[in-house]
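Q: Supplied structure: coords_9.cif, mmCIF, C-alpha atoms.
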```
data_coords
#
loop_
_atom_site.label_atom_id
_atom_site.label_comp_id
_atom_site.auth_asym_id
_atom_site.auth_seq_id
_atom_site.Cartn_x
_atom_site.Cartn_y
_atom_site.Cartn_z
CA MET A 1 146.36 320.91 14.69
CA THR A 2 149.81 322.01 13.56
CA ILE A 3 153.02 320.37 14.77
CA GLU A 4 156.26 322.19 14.16
CA ARG A 5 159.79 321.32 15.18
CA VAL A 6 161.15 324.35 17.02
CA ARG A 7 164.62 323.06 17.81
CA GLY A 8 166.78 319.94 17.70
CA ASN A 9 170.16 319.15 16.20
CA THR A 10 172.06 315.87 16.29
CA THR A 11 175.78 316.15 16.95
CA LYS A 12 178.07 313.44 15.54
CA ILE A 13 181.58 313.08 16.94
CA LEU A 14 184.25 310.73 15.62
CA VAL A 15 186.83 309.41 18.08
CA LEU A 16 189.71 308.45 15.80
CA ASN A 17 192.31 305.95 16.99
CA PRO A 18 195.19 306.36 14.49
CA ASN A 19 196.80 303.02 15.28
CA SER A 20 195.53 299.64 14.06
CA SER A 21 194.69 298.18 17.48
CA LYS A 22 190.97 297.43 17.77
CA ALA A 23 191.63 296.36 21.37
CA MET A 24 192.78 299.89 22.20
CA THR A 25 189.71 301.41 20.57
CA ASP A 26 187.50 299.00 22.52
CA GLY A 27 189.29 300.04 25.71
CA MET A 28 188.11 303.61 25.18
CA LYS A 29 184.45 302.61 25.04
CA THR A 30 184.09 302.34 28.82
CA VAL A 31 185.20 305.96 29.15
CA ILE A 32 183.01 307.08 26.25
CA ASP A 33 179.95 305.43 27.82
CA SER A 34 180.60 307.21 31.14
CA ILE A 35 180.55 310.75 29.72
CA ASP A 36 177.46 312.79 30.53
CA LEU A 37 176.42 314.14 27.12
CA PRO A 38 173.08 315.12 25.60
CA TYR A 39 171.17 312.18 24.11
CA SER A 40 171.37 313.94 20.74
CA THR A 41 175.18 313.56 20.73
CA GLU A 42 176.38 310.48 18.87
CA ILE A 43 179.89 309.12 19.42
CA HIS A 44 181.43 306.95 16.72
CA THR A 45 184.86 305.27 16.82
CA TYR A 46 187.41 304.63 14.11
CA THR A 47 190.45 302.35 14.21
CA GLY A 48 193.38 302.90 11.84
CA PRO A 49 193.87 300.56 8.87
CA SER A 50 196.14 297.51 8.92
CA ASP A 51 199.10 299.49 7.56
CA ALA A 52 199.00 301.83 10.55
CA PRO A 53 201.29 300.80 13.43
CA PRO A 54 199.63 298.63 16.11
CA SER A 55 201.08 300.91 18.78
CA ILE A 56 202.45 304.45 18.38
CA ASN A 57 205.73 304.60 20.27
CA ASP A 58 207.93 307.18 18.51
CA GLY A 59 208.14 309.83 15.81
CA LYS A 60 208.30 307.30 12.99
CA ASP A 61 205.05 305.73 14.18
CA LEU A 62 203.42 309.17 14.27
CA GLU A 63 204.30 309.80 10.65
CA GLN A 64 203.32 306.28 9.53
CA SER A 65 199.94 306.46 11.26
CA THR A 66 199.22 309.88 9.75
CA LYS A 67 199.94 308.66 6.23
CA ALA A 68 197.91 305.46 6.68
CA VAL A 69 194.87 307.21 8.16
CA VAL A 70 194.79 310.07 5.65
CA GLU A 71 194.94 307.62 2.74
CA ASP A 72 192.26 305.42 4.30
CA LEU A 73 189.91 308.34 4.95
CA GLN A 74 190.36 309.68 1.43
CA LYS A 75 189.47 306.25 0.05
CA SER A 76 186.59 305.54 2.45
CA TYR A 77 185.10 309.04 2.55
CA PRO A 78 185.79 310.64 -0.86
CA ASP A 79 183.15 313.32 -0.19
CA GLY A 80 184.55 314.20 3.24
CA LEU A 81 183.79 313.08 6.79
CA GLU A 82 180.13 313.50 7.72
CA TYR A 83 180.82 314.37 11.35
CA ASP A 84 180.58 317.60 13.30
CA GLY A 85 183.85 317.04 15.10
CA VAL A 86 186.84 314.71 15.34
CA VAL A 87 188.93 313.74 18.36
CA ILE A 88 192.37 312.29 17.56
CA ALA A 89 192.81 309.66 20.27
CA CYS A 90 196.58 309.45 20.47
CA TYR A 91 198.26 311.25 23.35
CA SER A 92 200.92 313.09 21.39
CA VAL A 93 201.56 316.11 19.23
CA HIS A 94 199.99 314.07 16.44
CA PRO A 95 200.36 315.46 12.89
CA LEU A 96 196.78 314.38 12.14
CA VAL A 97 195.45 317.21 14.32
CA SER A 98 197.02 320.01 12.28
CA THR A 99 196.53 318.10 9.01
CA MET A 100 192.78 317.90 9.57
CA GLN A 101 192.50 321.42 10.95
CA ARG A 102 194.09 322.82 7.78
CA SER A 103 191.95 320.83 5.33
CA GLN A 104 188.42 321.61 4.22
CA ALA A 105 187.83 317.87 3.69
CA TYR A 106 187.38 317.44 7.44
CA PRO A 107 185.05 319.00 10.04
CA LYS A 108 185.95 322.45 11.35
CA SER A 109 186.09 321.15 14.90
CA VAL A 110 189.14 318.91 15.37
CA THR A 111 191.30 318.40 18.45
CA GLY A 112 193.64 315.83 19.94
CA ILE A 113 193.40 314.27 23.38
CA PHE A 114 196.79 315.78 24.23
CA GLU A 115 195.67 319.33 23.43
CA ALA A 116 192.37 318.81 25.23
CA SER A 117 194.10 317.58 28.38
CA VAL A 118 196.41 320.61 28.51
CA LEU A 119 193.45 323.00 28.39
CA THR A 120 191.53 320.95 30.95
CA ALA A 121 194.47 320.86 33.36
CA LEU A 122 194.98 324.62 33.21
CA ALA A 123 191.29 325.19 33.89
CA LEU A 124 191.38 322.99 37.00
CA LEU A 125 194.49 324.38 38.73
CA GLY A 126 194.31 326.52 41.83
CA PRO A 127 196.67 329.49 42.40
CA GLU A 128 199.57 327.40 43.78
CA ASP A 129 198.85 324.14 41.95
CA THR A 130 200.87 322.39 39.25
CA TRP A 131 200.08 319.58 36.84
CA GLY A 132 201.95 316.87 35.02
CA ILE A 133 201.68 313.88 32.72
CA VAL A 134 202.16 310.16 33.30
CA THR A 135 202.92 308.46 30.00
CA THR A 136 204.33 305.28 28.43
CA GLY A 137 207.88 305.12 26.99
CA LYS A 138 210.92 307.37 27.47
CA PHE A 139 210.52 308.93 24.00
CA TRP A 140 207.39 310.72 25.15
CA GLU A 141 208.99 312.59 28.04
CA LYS A 142 210.71 315.17 25.83
CA HIS A 143 208.09 314.96 23.07
CA LEU A 144 205.22 315.84 25.42
CA ALA A 145 207.17 318.37 27.50
CA ASP A 146 208.14 320.24 24.33
CA GLY A 147 204.58 319.81 23.07
CA VAL A 148 203.10 321.51 26.12
CA LYS A 149 205.39 324.52 25.65
CA SER A 150 204.67 324.73 21.92
CA PHE A 151 200.92 324.45 22.44
CA LEU A 152 201.04 327.28 24.99
CA GLY A 153 203.14 329.43 22.68
CA THR A 154 206.37 329.38 24.68
CA ALA A 155 209.89 328.52 23.56
CA ALA A 156 211.31 325.07 24.27
CA THR A 157 213.98 326.66 26.47
CA ASP A 158 211.46 328.55 28.64
CA SER A 159 210.33 327.18 31.99
CA ASN A 160 206.69 326.86 33.03
CA SER A 161 205.99 327.14 36.75
CA ARG A 162 202.60 325.42 36.44
CA PHE A 163 203.86 322.35 34.57
CA ALA A 164 205.61 319.71 36.69
CA GLY A 165 206.79 317.63 33.74
CA VAL A 166 206.36 314.13 32.36
CA GLU A 167 207.03 310.76 34.00
CA SER A 168 207.10 307.56 31.95
CA THR A 169 206.25 303.96 32.81
CA GLY A 170 208.57 302.31 30.30
CA LEU A 171 205.61 300.52 28.70
CA ASN A 172 204.13 300.78 25.21
CA ALA A 173 200.56 301.85 24.56
CA SER A 174 199.59 298.32 23.51
CA ASP A 175 200.91 296.89 26.80
CA PHE A 176 197.92 298.31 28.68
CA HIS A 177 195.52 295.94 26.91
CA HIS A 178 197.44 292.80 26.03
CA GLY A 179 200.85 291.16 26.19
CA VAL A 180 201.94 292.38 29.63
CA ASP A 181 200.91 291.04 33.04
CA PRO A 182 198.35 293.50 34.54
CA ALA A 183 200.33 293.42 37.80
CA ILE A 184 203.36 294.83 35.97
CA VAL A 185 201.21 297.54 34.35
CA ARG A 186 199.83 298.48 37.76
CA LYS A 187 203.32 298.55 39.33
CA LYS A 188 204.86 300.68 36.57
CA LEU A 189 201.97 303.16 36.53
CA ASN A 190 202.01 303.34 40.32
CA GLU A 191 205.73 304.17 40.37
CA ALA A 192 205.47 306.84 37.66
CA THR A 193 202.56 308.46 39.48
CA LYS A 194 204.48 308.62 42.74
CA ARG A 195 207.49 310.21 41.01
CA LEU A 196 205.25 312.91 39.61
CA LEU A 197 203.51 313.48 42.94
CA SER A 198 206.91 314.01 44.61
CA LYS A 199 207.19 317.29 42.72
CA PRO A 200 205.87 320.50 44.33
CA GLY A 201 202.18 321.34 44.14
CA VAL A 202 200.94 318.59 41.80
CA LYS A 203 197.14 318.53 42.02
CA CYS A 204 196.35 317.37 38.50
CA ILE A 205 197.64 314.38 36.53
CA ALA A 206 196.93 313.76 32.86
CA MET A 207 196.99 310.15 31.72
CA GLY A 208 199.33 310.46 28.76
CA CYS A 209 198.17 307.57 26.60
CA ALA A 210 194.83 306.61 25.08
CA GLY A 211 195.63 303.06 26.17
CA MET A 212 195.34 304.21 29.79
CA ALA A 213 191.62 304.83 29.38
CA GLY A 214 189.84 303.41 32.41
CA LEU A 215 192.98 303.13 34.57
CA GLU A 216 192.29 306.16 36.77
CA GLU A 217 191.89 303.88 39.79
CA ILE A 218 195.59 302.91 39.66
CA ILE A 219 196.66 306.55 39.76
CA ARG A 220 194.32 307.38 42.63
CA ASN A 221 195.50 304.37 44.63
CA ALA A 222 199.12 305.47 44.12
CA ALA A 223 198.14 308.96 45.29
CA ARG A 224 196.47 307.48 48.39
CA GLU A 225 199.62 305.54 49.25
CA GLU A 226 201.73 308.65 48.76
CA LYS A 227 199.56 311.44 50.19
CA GLY A 228 196.54 309.95 51.87
CA GLU A 229 192.91 309.21 51.05
CA LYS A 230 191.63 312.79 51.25
CA PHE A 231 194.15 314.01 48.68
CA ALA A 232 193.63 311.03 46.36
CA PHE A 233 189.84 311.13 46.27
CA SER A 234 188.89 314.72 47.16
CA GLU A 235 191.72 316.95 45.87
CA LEU A 236 193.54 315.28 43.00
CA HIS A 237 192.24 315.74 39.45
CA VAL A 238 192.98 312.84 37.07
CA ILE A 239 192.41 313.71 33.42
CA ASP A 240 191.48 311.05 30.92
CA GLY A 241 192.41 312.50 27.52
CA VAL A 242 189.60 310.72 25.69
CA ARG A 243 187.00 312.15 28.07
CA ALA A 244 188.56 315.61 27.90
CA GLY A 245 188.71 315.48 24.11
CA ILE A 246 185.07 314.51 23.67
CA MET A 247 183.80 317.08 26.17
CA GLN A 248 185.86 319.85 24.58
CA ILE A 249 184.98 318.98 20.99
CA GLU A 250 181.29 318.93 21.90
CA HIS A 251 181.67 322.42 23.38
CA ARG A 252 183.71 323.56 20.39
CA ILE A 253 181.02 322.37 17.97
CA ARG A 254 178.47 324.48 19.83
CA HIS A 255 180.67 327.54 19.49
CA GLN A 256 181.25 326.77 15.82
CA ARG A 257 177.50 326.82 15.29
CA GLU A 258 177.31 330.29 16.85
CA ILE A 259 179.31 331.77 13.97
CA PRO A 260 176.64 333.47 11.85
CA GLY A 261 178.27 332.98 8.47
CA LYS A 262 178.18 335.35 5.53
CA PRO A 263 175.17 337.72 5.64
CA SER A 264 172.65 337.15 2.87
#
```
Once you've parsed the file, please lay out its structure as structure tokens.

A:
Amino acid sequence: MTIERVRGNTTKILVLNPNSSKAMTDGMKTVIDSIDLPYSTEIHTYTGPSDAPPSINDGKDLEQSTKAVVEDLQKSYPDGLEYDGVVIACYSVHPLVSTMQRSQAYPKSVTGIFEASVLTALALLGPEDTWGIVTTGKFWEKHLADGVKSFLGTAATDSNSRFAGVESTGLNASDFHHGVDPAIVRKKLNEATKRLLSKPGVKCIAMGCAGMAGLEEIIRNAAREEKGEKFAFSELHVIDGVRAGIMQIEHRIRHQREIPGKPS
């Protein structure tokens, strides 16, 4: 009797939290566990080193977290990351995405949860629908709005009829897991959601912070209060960036494997 393996390939994905908050990484695990992936797909998490900011709230934090993570990865993985893909779990135009994509020290498949959510939103919209982002602090309103335009290859001064904009809660990413009364978090997220839903045609909302992982219920309840149960639970798409990032990177890895390589 001869036994031969005909097919089988394990896929390893790293979900990289570039801040130093283990609590935020742990908060993503509920979402990660809920994703319907092949059993051969392994998901690993990484939390930034102690010199990374505990919460990324502005441009300075973006730069600091990039520097800290790159140095930590170079020290911890001198031979390169042994993963098939990496998801940068910070909802921003994070420099780590382009840094990793340009370097041969990292996997060929790298994306950020921001980029993944943009592509997911566009794929879900109907002909007259629009989408928008609910995020944390005021800084992110312009940062993310400009980021959407840049990612789609349009000038910052151009308008986009499908994008309804960004509404902020006034909270920091770390506030979603500790330090702030959950009732305040719920109230702020509820209000930001309703402001976004007041704009024409919004049928898709991206949760603009990795710290919001698992808080979809708050957004749907706000939508029910604003537009009724049918809209909230049968029509509205709520995008969790971590889920979108993992699903897209898994798909991207498959496509990467389809490239035949140099003929022998």

Q: So, with only C-alpha atoms as the atoms that count, which of A:Ala52, A:Asn9, A:Asn190, A:Leu171 lies closest to Tyr39 in chain A?

A: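 Using only C-alpha atoms, the shortest distance to Tyr39 in chain A belongs to A:Asn9.
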
Q: Taking all atoms listed in the file into account, which of A:His44, A:Lys108, A:Leu73, A:Ala68 comes nearest Ile259 in chain A?

A: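 The answer is A:Lys108, which sits nearest to Ile259 in chain A.
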
Q: Could you name the residues that touch Ile249 in chain A at 8 Å or less, counting only C-alpha atoms, but leaving out those on the same chain fewer than 4 positions away, as a PyMOL selection string?

A: chain A and resi 13+85-87+109-111+245+253

Q: Which one is closest to Trp131 in chain A: A:Pro182, A:Gly165, A:Pro95, A:Gly59? Count only C-alpha atoms.

A: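 For Trp131 in chain A, the nearest of the given residues is A:Gly165.
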
Q: Show me, as number ranges by chain, the residues that have an atom within 12 Å of Leu144 in chain A when counting only C-alpha atoms, minus same-chain residues fewer than 2 positions from it.

A: A: 58-59, 90-94, 114-115, 117-118, 132-142, 146-151, 156, 163-168, 206-209

Q: Separation of CA of Thr154 in chain A and CA of Leu122 in chain A, in Å?

A: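 Between CA of Thr154 in chain A and CA of Leu122 in chain A the gap works out to 15.0 Å.
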
Q: Counting only C-alpha atoms, give me one row per residue of range 44-135 of chain A with an atom at most 9 Å from an atom of range 229-240 of chain A, showing the shortest contact pair and its distance in Å to one decimal, sorted by chain then residue number, as CSV.

A:
```
residue,atom,partner,partner_atom,distance
A:Ile113,CA,A:Asp240,CA,8.4
A:Ser117,CA,A:Ile239,CA,6.6
A:Thr120,CA,A:Ile239,CA,7.7
A:Ala121,CA,A:Ile239,CA,7.4
A:Leu124,CA,A:His237,CA,7.7
A:Leu125,CA,A:His237,CA,9.0
```
